[in-house]
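*Asks:* Below is target08.txt; it holds compact mmCIF, C-alpha atoms and all ligand atoms.
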# COMPACT_ATOMS: atom_id res chain seq x y z
CA MET H 7 110.40 74.90 15.33
CA GLY H 8 111.87 77.25 17.96
CA LEU H 9 110.43 80.56 19.07
CA LEU H 10 112.80 82.45 16.80
CA GLY H 11 111.65 80.36 13.86
CA GLU H 12 108.04 81.15 14.57
CA PHE H 13 108.76 84.89 14.76
CA GLY H 14 110.82 84.57 11.60
CA GLU H 15 107.83 83.06 9.87
CA LEU H 16 105.68 85.98 10.93
CA LEU H 17 108.17 88.50 9.65
CA LEU H 18 108.95 86.87 6.32
CA PRO H 19 106.53 87.50 3.49
CA ARG H 20 104.56 84.33 2.84
CA ARG H 21 104.88 82.84 -0.60
CA CYS H 22 102.72 80.31 -2.37
CA ALA H 23 104.28 76.91 -1.69
CA GLY H 24 103.47 75.84 -5.25
CA CYS H 25 104.42 78.74 -7.51
CA GLY H 26 106.05 81.35 -5.28
CA ARG H 27 103.33 84.02 -5.59
CA GLU H 28 103.63 86.47 -2.72
CA ASN H 29 101.43 86.89 0.35
CA VAL H 30 99.58 83.58 0.19
CA SER H 31 100.32 80.10 1.54
CA LEU H 32 98.75 78.62 -1.57
CA CYS H 33 97.29 80.61 -4.45
CA THR H 34 93.99 79.61 -6.05
CA ARG H 35 95.74 78.08 -9.07
CA CYS H 36 97.81 75.78 -6.89
CA LEU H 37 94.82 74.99 -4.66
CA GLN H 38 92.93 73.96 -7.79
CA LEU H 39 95.68 71.48 -8.54
CA LEU H 40 95.08 69.88 -5.14
CA GLY H 41 91.34 69.95 -5.78
CA GLY H 42 91.56 67.91 -8.99
CA ILE H 43 89.53 64.81 -9.72
CA PRO H 44 91.28 61.78 -8.22
CA ARG H 45 92.49 59.26 -10.77
CA ALA H 46 93.88 55.76 -10.68
CA MET H 47 96.90 54.48 -12.53
CA GLU H 48 98.17 51.03 -13.17
CA PRO H 49 101.86 51.52 -12.48
CA ARG H 50 104.73 49.99 -14.39
CA TYR H 51 105.88 48.18 -11.26
CA GLY H 52 103.81 46.26 -8.75
CA ARG H 53 100.34 44.83 -8.86
CA ILE H 54 98.40 47.42 -6.93
CA PRO H 55 96.70 50.41 -8.58
CA ILE H 56 97.80 53.83 -7.43
CA VAL H 57 95.32 56.61 -6.84
CA GLY H 58 96.48 60.22 -6.97
CA ILE H 59 94.97 63.65 -6.89
CA CYS H 60 96.84 65.21 -9.81
CA GLU H 61 99.49 64.62 -12.37
CA TYR H 62 102.98 65.21 -11.06
CA ASP H 63 104.26 68.64 -12.02
CA SER H 64 106.64 71.27 -10.77
CA ARG H 65 104.06 72.97 -8.56
CA ILE H 66 103.00 69.87 -6.64
CA SER H 67 106.67 68.93 -6.41
CA ARG H 68 107.53 72.32 -4.87
CA MET H 69 104.63 72.04 -2.43
CA VAL H 70 105.81 68.67 -1.17
CA VAL H 71 109.47 69.71 -0.99
CA GLY H 72 108.40 72.86 0.87
CA PHE H 73 106.34 70.79 3.27
CA LYS H 74 108.90 68.12 3.97
CA ASP H 75 112.19 70.00 3.76
CA GLU H 76 111.47 73.70 4.23
CA GLY H 77 109.16 73.72 7.21
CA ARG H 78 106.02 74.71 5.29
CA ARG H 79 103.69 73.23 7.88
CA ASP H 80 101.15 75.88 6.90
CA ILE H 81 100.18 73.71 3.93
CA LEU H 82 99.74 70.50 5.93
CA ASP H 83 95.95 70.76 5.87
CA PRO H 84 95.52 71.44 2.12
CA LEU H 85 97.88 68.55 1.31
CA ALA H 86 96.18 66.23 3.81
CA LEU H 87 92.73 67.14 2.52
CA ALA H 88 93.83 66.34 -1.02
CA LEU H 89 95.26 63.03 0.17
CA ALA H 90 92.01 62.30 2.03
CA ARG H 91 90.12 62.70 -1.25
CA ALA H 92 92.52 60.25 -2.87
CA VAL H 93 91.87 57.81 0.01
CA VAL H 94 88.10 58.07 -0.57
CA ALA H 95 88.62 57.47 -4.32
CA ALA H 96 90.82 54.46 -3.53
CA LEU H 97 88.07 53.07 -1.28
CA ASP H 98 85.69 53.44 -4.20
CA LEU H 99 88.16 51.67 -6.49
CA VAL H 100 88.51 48.63 -4.20
CA ASP H 101 84.76 48.38 -3.53
CA TYR H 102 85.17 49.14 0.15
CA ALA H 103 82.33 47.61 2.15
CA GLY H 104 83.25 48.70 5.67
CA GLY H 105 85.90 47.72 8.20
CA ARG H 106 89.08 49.37 9.35
CA ILE H 107 91.17 51.30 6.87
CA ARG H 108 94.88 50.98 7.51
CA LEU H 109 97.27 53.51 6.08
CA PHE H 110 100.92 52.52 5.79
CA PRO H 111 103.07 55.60 5.09
CA ALA H 112 105.98 55.02 2.71
CA PRO H 113 109.32 55.16 4.52
CA SER H 114 111.74 58.05 4.85
CA SER H 115 115.38 57.42 5.60
CA ASP H 116 116.48 57.76 9.23
CA ARG H 117 118.56 60.77 8.22
CA ALA H 118 115.58 62.45 6.56
CA ARG H 119 113.41 61.70 9.60
CA ARG H 120 115.97 63.30 11.91
CA ARG H 121 116.39 66.32 9.67
CA ARG H 122 112.64 66.80 9.28
CA GLY H 123 111.78 66.00 12.88
CA GLY H 124 109.83 62.91 11.82
CA SER H 125 108.44 61.24 8.73
CA HIS H 126 106.48 63.61 6.50
CA THR H 127 104.36 60.77 5.09
CA VAL H 128 103.37 59.74 8.63
CA LEU H 129 102.52 63.35 9.47
CA LEU H 130 100.35 63.60 6.34
CA ALA H 131 98.60 60.28 6.96
CA ARG H 132 97.87 61.17 10.59
CA ARG H 133 96.40 64.48 9.53
CA VAL H 134 94.23 62.69 6.96
CA ALA H 135 92.87 60.56 9.81
CA GLU H 136 92.18 63.68 11.88
CA LEU H 137 90.49 65.49 9.01
CA ALA H 138 88.29 62.50 8.09
CA PRO H 139 86.95 61.31 11.46
CA GLU H 140 84.02 59.61 9.73
CA LEU H 141 86.41 57.07 8.22
CA PRO H 142 87.80 54.32 10.51
CA LEU H 143 91.39 55.18 9.58
CA GLU H 144 94.46 53.84 11.34
CA VAL H 145 98.00 54.93 10.59
CA HIS H 146 100.73 52.35 11.10
CA ASP H 147 104.30 53.59 10.86
CA VAL H 148 105.86 50.20 10.17
CA LEU H 149 107.81 50.88 6.98
CA LEU H 150 111.39 52.01 7.44
CA ALA H 151 114.09 52.85 4.92
CA ARG H 152 117.32 50.91 4.85
CA ARG H 153 119.34 53.38 2.85
CA SER H 154 118.70 56.60 1.06
CA ARG H 155 119.93 56.43 -2.50
CA ASP H 156 118.17 59.20 -4.28
CA GLN H 157 115.72 58.31 -7.04
CA VAL H 158 116.12 61.60 -8.88
CA GLY H 159 117.74 61.22 -12.28
CA LEU H 160 117.27 57.47 -12.46
CA GLY H 161 115.43 55.76 -15.31
CA ALA H 162 112.46 53.46 -14.68
CA HIS H 163 114.56 50.28 -14.68
CA ASP H 164 117.19 51.79 -12.40
CA ARG H 165 114.48 52.99 -10.04
CA ALA H 166 113.07 49.48 -9.67
CA GLU H 167 116.58 48.12 -9.08
CA ASN H 168 117.31 50.95 -6.71
CA VAL H 169 114.37 50.25 -4.40
CA ALA H 170 114.85 46.48 -4.11
CA GLY H 171 115.78 45.74 -0.51
CA THR H 172 115.66 49.40 0.52
CA GLN H 173 112.86 49.00 3.03
CA ARG H 174 112.37 47.03 6.20
CA LEU H 175 109.62 46.54 8.75
CA ASP H 176 109.61 47.97 12.23
CA GLN H 177 108.81 44.79 14.15
CA ARG H 178 107.80 46.65 17.31
CA GLU H 179 105.25 48.77 15.45
CA LEU H 180 104.11 45.72 13.52
CA ALA H 181 103.47 43.80 16.75
CA LYS H 182 100.99 46.48 17.75
CA ILE H 183 98.70 45.71 14.83
CA ARG H 184 99.00 41.93 14.61
CA PRO H 185 96.37 41.15 17.27
CA VAL H 186 93.84 43.24 15.37
CA THR H 187 94.68 41.44 12.12
CA SER H 188 93.55 38.10 13.49
CA ARG H 189 90.40 39.51 15.03
CA GLN H 190 88.54 40.80 12.04
CA GLY H 191 85.55 42.87 12.99
CA ALA H 192 81.96 42.36 11.99
CA CYS H 193 82.37 44.95 9.22
CA GLY H 194 84.78 42.76 7.27
CA PRO H 195 88.55 42.51 7.00
CA PRO H 196 90.63 45.67 7.18
CA VAL H 197 91.58 47.46 3.99
CA ALA H 198 95.22 48.50 3.66
CA PHE H 199 96.69 51.31 1.57
CA VAL H 200 100.29 52.42 1.18
CA VAL H 201 100.58 56.21 1.28
CA ASP H 202 103.24 58.39 -0.31
CA ASP H 203 103.64 61.90 -1.68
CA PHE H 204 104.36 60.91 -5.29
CA SER H 205 104.54 57.87 -7.44
CA THR H 206 106.18 57.88 -10.84
CA THR H 207 106.71 54.23 -11.78
CA GLY H 208 105.20 52.67 -8.66
CA ALA H 209 108.53 51.03 -7.73
CA THR H 210 108.70 52.37 -4.16
CA LEU H 211 105.07 51.52 -3.40
CA ALA H 212 105.47 48.08 -4.98
CA GLU H 213 108.43 47.40 -2.66
CA SER H 214 106.33 48.52 0.34
CA ALA H 215 103.46 46.27 -0.76
CA ARG H 216 105.82 43.32 -1.25
CA LEU H 217 107.28 43.77 2.22
CA LEU H 218 103.85 44.09 3.85
CA ALA H 219 102.60 41.00 2.00
CA SER H 220 105.43 39.05 3.66
CA VAL H 221 103.59 39.60 6.96
CA GLN H 222 100.15 38.91 5.52
CA ILE H 223 99.19 42.55 5.06
CA ARG H 224 98.09 43.01 1.47
CA PRO H 225 97.64 46.63 0.42
CA ALA H 226 94.77 47.04 -2.02
CA ALA H 227 96.11 50.28 -3.50
CA GLY H 228 98.68 53.01 -3.23
CA VAL H 229 97.45 56.51 -2.40
CA VAL H 230 99.48 59.57 -3.36
CA LEU H 231 99.21 63.25 -4.19
CA GLY H 232 101.07 63.35 -7.52
CA LEU H 233 101.01 60.63 -10.14
CA GLY H 234 103.77 60.47 -12.70
CA ARG H 235 103.13 60.10 -16.39
CA GLY H 236 106.13 57.94 -17.14
CA GLY H 237 105.37 54.25 -16.98
CA THR H 238 101.76 54.58 -15.92
CA ARG H 239 98.53 53.86 -17.68
CA PHE H 240 95.33 55.70 -17.01
CA VAL H 241 92.77 53.30 -15.56
CA SER H 242 89.71 55.25 -14.55
CA PRO H 243 88.68 58.66 -13.32
CA PHE H 244 86.66 59.31 -10.23
CA THR H 245 84.28 62.01 -9.20
CA VAL H 246 84.46 62.51 -5.47
ZN ZN C 301 100.56 79.11 -6.47
Output the file's structure in the form of structure tokens.
Ligand SMILES: [Zn+2]

*Replies:*
Amino acid sequence: MGLLGEFGELLLPRRCAGCGRENVSLCTRCLQLLGGIPRAMEPRYGRIPIVGICEYDSRISRMVVGFKDEGRRDILDPLALALARAVVAALDLVDYAGGRIRLFPAPSSDRARRRRGGSHTVLLARRVAELAPELPLEVHDVLLARRSRDQVGLGAHDRAENVAGTQRLDQRELAKIRPVTSRQGACGPPVAFVVDDFSTTGATLAESARLLASVQIRPAAGVVLGLGRGGTRFVSPFTV
């Protein structure tokens, strides 16, 4: 953001990124949404459970859109903290016993990356790692989008069809983590999670997991902020 943008931010009245309430970055009601009890869902698509912090609704949707498309970097930390709690719950779910924790951010299209000045899922995952230094987290930006057909307005079946073949691996980034894969530490093999902002049917995360499995990286779970109701089944709650 340029200097003018920063001054503009100072001059404009701040609004809650979730509900639009004036003079706050996030109001207490919207913060409570991010502070919910993490939960796991068995998605309609894919074999990995998905852990989220709240049920998808218009407020969490607005927060994420504000963060990724409207420059609301002021809510990076609250979103990343919520995601960090979902990561901890996911570790609990997979009976984590130590070892590296690898986060694989879901891909954004090249166009979206250029427009946003980078991938918002990578930014979130990196901030999670910074905010949880006690966890041996690594962020690997290896998932790339092939094309950007929008998922909005598609039914569950169409979504699954729509994501098939939409992702690819960044071989250069992948090469950076391969040596570590074969040299498993004393604490046990690394745990891998795919990270995204939302998951409704699990189709996008399932495609990411399928692609990673093709290079012997097997994500144990998906970790998101908002979980959709459609096509998911409640598995178990967590208290973190
Ligand atoms: Zn609010």

*Asks:* If the limit is 8 Å from any atom of ligand ZN 301 (chain C), counting only C-alpha atoms and all ligand atoms, which residues qualify? Return them as a list in words.

*Replies:*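 Checking only C-alpha atoms and all ligand atoms against ligand ZN 301 (chain C) at 8 Å gives Cys22, Ala23, Gly24, Cys25, Gly26, Arg27, Leu32, Cys33, Thr34, Arg35, Cys36, Leu37 and Arg65 of chain H.
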
*Asks:* Please compute the CA of Arg224 in chain H-CA of Gly42 in chain H distance, one decimal, in Å.

*Replies:* 27.8 Å

*Asks:* Rank nothing, just name the residue among H:His126, H:Glu48, H:Pro55, H:Arg119 nearest to Leu82 in chain H, using only C-alpha atoms.

*Replies:*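 Checking each candidate against Leu82 in chain H, we get H:His126 as the closest.
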
*Asks:* Within 6 Å of Val230 in chain H, counting all atoms listed in the file, which residues qualify if same-chain residues fewer than 5 places away don't, as a VMD selection string?

*Replies:* chain H and resid 58 201 to 204

*Asks:* H:Gly234, H:Pro142, H:Gly171, H:Pro44: which is nearest Ala212 in chain H, counting only C-alpha atoms?

*Replies:*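 The closest residue to Ala212 in chain H is H:Gly171.
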
*Asks:* What does the distance from CA of Val128 in chain H to CA of Asp147 in chain H come to in Å, to one decimal?

*Replies:*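 CA of Asp147 in chain H lies at a distance of 6.6 Å from CA of Val128 in chain H.
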
*Asks:* In Å, rounded to a single decimal, give me how far CA of Arg174 in chain H is from CA of Val148 in chain H.

*Replies:*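 These atoms are spaced 8.3 Å apart.
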
*Asks:* Determine, counting only C-alpha atoms, which protein, DNA and RNA residues have an atom within 7 Å of an atom of Pro225 in chain H; residues of the same chain fewer than 4 positions away are not included. Present the result as a PDB file with C-alpha atoms, in the coordinates of the input.

*Replies:*
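Now in out_17.pdb:
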ATOM      1  CA  ALA H 198      95.220  48.500   3.660  1.00  0.00           C
ATOM      2  CA  PHE H 199      96.690  51.310   1.570  1.00  0.00           C
ATOM      3  CA  VAL H 200     100.290  52.420   1.180  1.00  0.00           C
ATOM      4  CA  ALA H 215     103.460  46.270  -0.760  1.00  0.00           C
TER       5      ALA H 215
END

*Asks:* So which residues fall inside 10 Å of (95.5, 66.4, -7.7) if we count only C-alpha atoms? Mind giving them as a list of chain:residue names?

*Replies:*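 Selection result: H:Cys36, H:Leu37, H:Gln38, H:Leu39, H:Leu40, H:Gly41, H:Gly42, H:Ile43, H:Pro44, H:Arg45, H:Val57, H:Gly58, H:Ile59, H:Cys60, H:Glu61, H:Tyr62, H:Ile66, H:Leu85, H:Ala88, H:Leu89, H:Arg91, H:Ala92, H:Val230, H:Leu231, H:Gly232, H:Leu233.
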
*Asks:* With distances taken over all atoms listed in the file, which of H:Val221, H:Leu137, H:Leu129, H:Met47 is nearest to Leu99 in chain H?

*Replies:*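 Closest candidate: H:Met47.
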
*Asks:* Nearest to Arg235 in chain H among H:Ala219, H:Tyr102, H:Arg120, H:Ser205, with distances taken over all atoms listed in the file: which residue is it?

*Replies:*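 Closest to Arg235 in chain H of all the choices is H:Ser205.
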
*Asks:* Could you check which of H:Arg78, H:Gln222, H:Arg133, H:Ala151 is closest to Leu180 in chain H, using all atoms listed in the file?

*Replies:* H:Gln222

*Asks:* Mind listing as a PyMOL selection string all residues within 8 Å of (97.6, 53.2, 14.5), counting all atoms listed in the file?

*Replies:* chain H and resi 108+144-147+183

*Asks:* Taking all atoms of range 45-56 of chain H that appear in the file, build a box with edges along x, y and z, extend it by 3 Å on every side, and state its centre and edge lengths in Å to one decimal, as lines of an AutoDock Vina configuration file.

*Replies:*
center_x = 99.2
center_y = 52.0
center_z = -10.7
size_x = 19.4
size_y = 20.4
size_z = 13.5
